[in-house]
Structure formats: structure tokens, C-alpha cells
Amino acid sequence: MDASGKVLGNFVDLFERAVYAAWVCFENGKVTSIDKSGPEQPGLPFLMPGFVDAHIHIESSMLTPYAFAKVALGHGTVATISDPHEIANVCGMEGVLYMIDNAKDAGLRFCFGAPSCVPATTFETAGDEINIEHIQALLSREDVLYLSEMMNYPGVLFKDPTVMEKIAMAKKFNKPVDGHAPGLTGEDAINYIKAGITTDHECFTLSEAQFKLQHGMKILIREGSAARNFDALHPLIDSHPDMIMFCSDDKHPDELLTGHINKLVSRAIALGYDLFDVLRCACVNPVFHYNMPVGLLRVGDAADFILVKDLVDFDVEATYIKGVVMYSEGTCRLPEKKHHAINRFESYTVEPKDFEIDGTDGNMKVINALDGQLITHCHTTNIKTSNGKIISDTTNDILKLVVVNRYQKSKPAIAFIRNMGIRSGAFASTVAHDSHNIIAVGTDDISLSKAVQSLMDSKGGLCVVGAADQLAEVLPLPLAGLMSLDSCKTVAEAYQKLDKQVKSMGCQLRAPFMTLSFMALLVIPELKLSDKGLFDGKNFQFVDLQ
């Protein structure tokens with residue numbers, strides 16, 4: 001519903017780089033005038049464009065878009081660039097259309113992309129695919145704004161015909177192509193950019209980001225629940241304010257409750273960066289880059305704006321979308337809504353013996369997980385065996401990692417991982433990027449089988465088994481095995497309970513479940529595990545455990 005009215009505040013003019021008292025008047029959802037009434041006035045709230053998350057997978061919040069909006073609007077988020085490739089890997093086009101439909105009446109502007117890599121690779125089993133015909137159908141829609149992250153950068157570099165056709169399709173519709181090329185520099189990065197890739201949110205060093213900026217690529221500074229690159233990349237706000245955006249990529253529900261892009265803005269201001277440069281990154285650059293239908297407080301724009309208490313903490317007093325108050329006085333104005341679930345899941349029985357793996361004395365490759373990073377390192381260690389079977393070595397924090405196909409009955413893939421830290425039991429998830437099979441880590445086969453079976457029975461969710469003789473605790477995620485149908489508060493409380501339990505078992509990772517979910521992400525080096533086996537992400541090939 002459009003609305004008319006006027007609001008008085010200290011107007012933060014991002015284009016004139018000034019702050020002054022003004023009335024913002026709007027009719028039928030559009031700004032009709034901005035009437036300056038004098039210099040900045042103490043006591044008035046600050047009136048400014050809303051924040052934009054320039055790259056996020058809503059599914060990783062474990063919430064529907066509608067439930068996500070009910071919280072994010074309270075943090076001043078007015079729009080997101082949302083890649084629905086998580087649900088697409090499970091449910092294909094049905095999943096993408098579900099997200100678009102669920103978001104329609106959520107107030108917040110969810111701007112979706114056409115998933116470019118579903119499945120992400122041919123080295124794993126996904127639930128469905130998005131082919132070139134699907135991409136054409138999506139890109140032809142006005143509400144689909146871009147081709148989402150092109151993770152298959154080897155396909156770009158070697159000019160794979162299907163990959164190049166997808167990029168050409170985006171160019172045909174005059175829509176940007178998002179990138180995904182962690183660690184890529186030199187001639188390979190230059191050729192990747194020349195192919196038409198416009199952004200990257202995967203830079204984890206300043207030098208990598210600077211190289212890509214030098215060759216025309218825009219950089220998204222990511223601060224999610226697991227991958228956190230703000231500390232490494234924030235100098236770019238000062239050096240390249242017109243080329244930088246802020247994003248979450250993946251955001252768990254407990255962290256969403258405490259803040260969103262507004263927290264990144266506050267951190268940047270605390271570091272001494274120029275207010276208008278920071279807000280350009282947080283509010284303006286994504287709107288221009290993606291041609292988003294989002295107002296920036298200019299006459300004729302949609303009346304999308306926020307009121308904040310100050311320009312330090314950016315605590316939000318009110319959020320307006322098309323002139324309608326969506327959030328004020330601590331309350332989101334969206335009504336409650338019931339959601340339905342779609343899914344793709346083939347349940348079957350697993351037993352402890354399914355997780356046994358033969359081995360002899362010697363060395364084996366181990367995935368070395370890194371806190372706050374999606375990349376891993378390959379570690380080599382001595383094998384620990386019992387009765388001819390390789391087992392976890394809790395003394396040295398070498399634990400068994402398994403990926404189990406959720407779409408068809410299949411033998412589990414087995415590897416080993418360090419830095420998970422648990423000393424007993426197991427934990428598991430059906431949020432396992434990108435194909436979202438069941439991934440679990442544990443100290444013994446009984447606990448592993450119990451955790452995996454619990455997710456088989458619930459057809460998706462998160463699970464913790466404290467020890468082999470204990471019952472499993474499960475957070476069900478009935479929507480594609482990725483999302484709950486409940487509110488953010490309800491999901492956050494259930495998630496925090498499991499998170500606390502995993503940490504009580506010895507895990508010291510900031511976000512254990514989020515980190516676990518990326519151990520199956522084959523397009524991020526160095527060593528990962530799919531349902532088909534141990535995978536070398538540098539050379540894009542399977543490798544032997546021993």
C-alpha cells in the first residue's frame with residue numbers, strides 16, 4: 001500500500017555530502033519534495049536512505065524471506081541482493097519461484113538473481129538443476145536483476161560453452177554478473193573480469209581485492225556468521241568508496257536479531273572513515289550497480305528511507321518503504337503469516353557400520369578448517385586405526401567427517417577434519433553448501449549414525465548428539481531442509497541451544513554449524529568433501545584419503 005505524508009529530520013544528503021534539517025514530503029509512495037528548514041538541529045532523528053545487503057543467501061538465515069524481513073526492517077535494511085541458489089540446489093525452479101513469491105508482500109525489497117551454477121559442480125549430487133532455459137526465463141523477469149555468483153571460474157577461464165552462454169544471456173538482458181573467485185589473481189583474474197564478471201565477495205586479503213579493483217571489478221566487503229573479511233578489507237572504504245559494497249553472504253538467525261548492515265556501518269564509522277563514503281558503500285552503490293528499484297531520497301524516488309537516533313550506532317527508529325511505515329517504536333508492522341514447505345528428500349536407514357573406513361598405518365590427508373574463513377588447508381597426519389579401521393583421534397583433534405546423499409540411497413563419503421574440537425558425540429546438518437546433502441562430524445560411528453539418522457527422519461535440520469549413549473537434539477528445517485517456518489526469535493533460540501551444546505563438547509569455532517556447512521563447498525579451496533568423495537578445490541579433482 002502506497003502512502004503520503006511528510007517527515008522532519010536531520011537530512012543526510014548523500015549526494016551533496018551534507019547534513020541539515022529538512023522536511024521530506026511524499027505522495028503515493030514517492031518523494032515529492034525535500035524542503036530544507038535550516039542547519040542540523042539537536043534532538044531530531046537523522047533521516048537517510050536505508051541499508052542494502054549487496055549479497056546474501058536468505059536461506060542461510062534458516063528463515064523464509066518474509067520472516068527475515070520482519071527482523072531486517074528493524075535494522076534499517078530496505079533491500080537485499082539475494083541469490084536463491086541454496087534452495088535451487090534442492091528444489092530447482094520451484095525453489096526459486098517459492099522465494100520470489102514468499103517475498104512479494106514482505107515490504108523489504110528482495111531483489112533476486114538467476115542462479116548461475118546449479119548444481120555448483122559435477123562432482124556432487126544436487127536435488128535439481130537450473131539450466132540455460134531456466135536462466136533465460138528468470139532473467140527475462142523484471143524482478144530478477146542479475147546473474148548470481150559465477151562460481152565456476154575454471155569454466156569461465158576455459159570458455160566452457162554452457163558457462164559462456166549463461167554470461168551472454170545476462171548481457172543480452174543488460175543485467176550484471178556476480179563473481180565468486182576466492183584467491184584468484186594475475187592473468188586468470190584479469191581474464192575472469194574481462195569475460196563480464198562485475199563483482200566479487202570472496203576476497204580474503206587486501207592485496208587480492210586491490211588487484212581486482214585495479215582491473216575494474218567491484219568488491220563486496222563480507223561479514224557473515226562464518227566468513228568475516230571486514231577486518232582485512234575495510235581500508236578499501238577510503239581508497240575506493242565508489243567501488244565497494246557491504247554484504248553478509250550468510251547470516252544465522254541469532255546474529256540477525258542483533259543487527260545487519262547497520263552494524264558494519266557503525267564499525268566503519270568507529271574506525272574513522274568518512275560518513276558519506278561509508279553510506280555510499282552501504283546504501284548507494286548497490287542500487288546503482290544492480291539498477292535496484294530502491295529510493296535514495298531524491299525527488300521522484302520511491303519513499304524508501306529510515307530514521308536513526310544518531311550517526312554513530314545507527315539504531316533505527318523507523319523504516320519506510322514506499323512511504324509506508326514498516327517498522328517503528330520497536331515493532332515491525334508486517335502481519336503474521338503462515339508459510340508452507342516444499343522439500344526434496346529421500347529418507348533411508350543408516351547404521352554405525354556404514355561409517356567405517358578401512359585403513360592401514362601411514363599418513364592421510366586431513367581438512368584443516370579455519371575459523372572465520374571458507375577456505376581450508378590440506379593437513380597431513382598419521383592415521384589412527386583400530387581393528388583395521390581408521391578412527392577419530394580426539395587427542396589430536398582429528399575427527400571423522402561424513403557427507404551422506406539425501407536425494408538417493410548411497411554409501412557415505414568419509415574423510416577427516418581438524419579444528420572442530422569436539423571431544424565426544426557428533427553434530428550434523430542438511431545445510432551443506434551447495435548441494436545440501438547431510439554433513440556430519442563426530443568422534444565415533446555410533447554418534448555419527450545417530451545424528452545422520454535423526455536428520456533422515458526429520459527430512460532436514462540441524463542436530464547434536466552429545467555422546468553415543470545420548471538422544472539427538474534436532475532443529476527441524478522442513479522447508480527444503482534449509483529453512484524453518486517459524487519466526488526469527490523462535491529459530492534463533494533453538495539454534496543457540498544447539499550451538500551452545502556443540503561448544504560445550506569442546507568446539508571453539510565462532511559458528512560451528514556455519515563452518516561445518518562449508519566443508520562440502522567444493523568451489524572454495526583447498527580440501528573439501530562431497531557425497532562422492534574427498535575433493536581438491538585447487539586442481540578440481542578427487543583425491544585419495546591416504
# chains A, B, ... in the order shown; residues from 1 in each chain; ligands from 1

call {"tool": "residues_around", "arguments": {"residues": "A:Ser449", "least_positions_apart": "4", "cutoff": "8 Å", "atoms": "only C-alpha atoms", "output": "VMD selection string"}}
result
chain A and resid 350 to 352 354 to 355 445 453

call {"tool": "closest_atom_pairs", "arguments": {"of": "stretch 166-237 of chain A", "to": "stretch 140-143 of chain A", "cutoff": "12 Å", "atoms": "only C-alpha atoms", "output": "Markdown table"}}
result
| residue | atom | partner | partner_atom | distance |
| --- | --- | --- | --- | --- |
| A:Met169 | CA | A:Ser140 | CA | 9.6 |
| A:Ala170 | CA | A:Ser140 | CA | 9.4 |
| A:Lys171 | CA | A:Ser140 | CA | 11.6 |
| A:Lys172 | CA | A:Ser140 | CA | 9.7 |
| A:Phe173 | CA | A:Ser140 | CA | 7.0 |
| A:Asn174 | CA | A:Ser140 | CA | 10.3 |
| A:Lys175 | CA | A:Ser140 | CA | 9.9 |

call {"tool": "closest_residue", "arguments": {"among": "A:Leu482, A:Ile321, A:Ala467, A:Leu63", "to": "A:Leu256", "atoms": "only C-alpha atoms"}}
result
A:Leu63

call {"tool": "closest_residue", "arguments": {"among": "A:Leu374, A:Met519, A:Ile438, A:Leu8", "to": "A:Ser410", "atoms": "only C-alpha atoms"}}
result
A:Ile438

call {"tool": "closest_residue", "arguments": {"among": "A:Asp101, A:Asp160, A:Asp277, A:Asp434", "to": "A:Cys117", "atoms": "only C-alpha atoms"}}
result
A:Asp434

call {"tool": "residues_around", "arguments": {"residues": "stretch 37-53 of chain A", "least_positions_apart": "5", "cutoff": "8 Å", "atoms": "only C-alpha atoms", "output": "PyMOL selection string"}}
result
chain A and resi 8-13+19-23+76-81+246-248+261-262+282-283+286-287+295-297+304-311+319
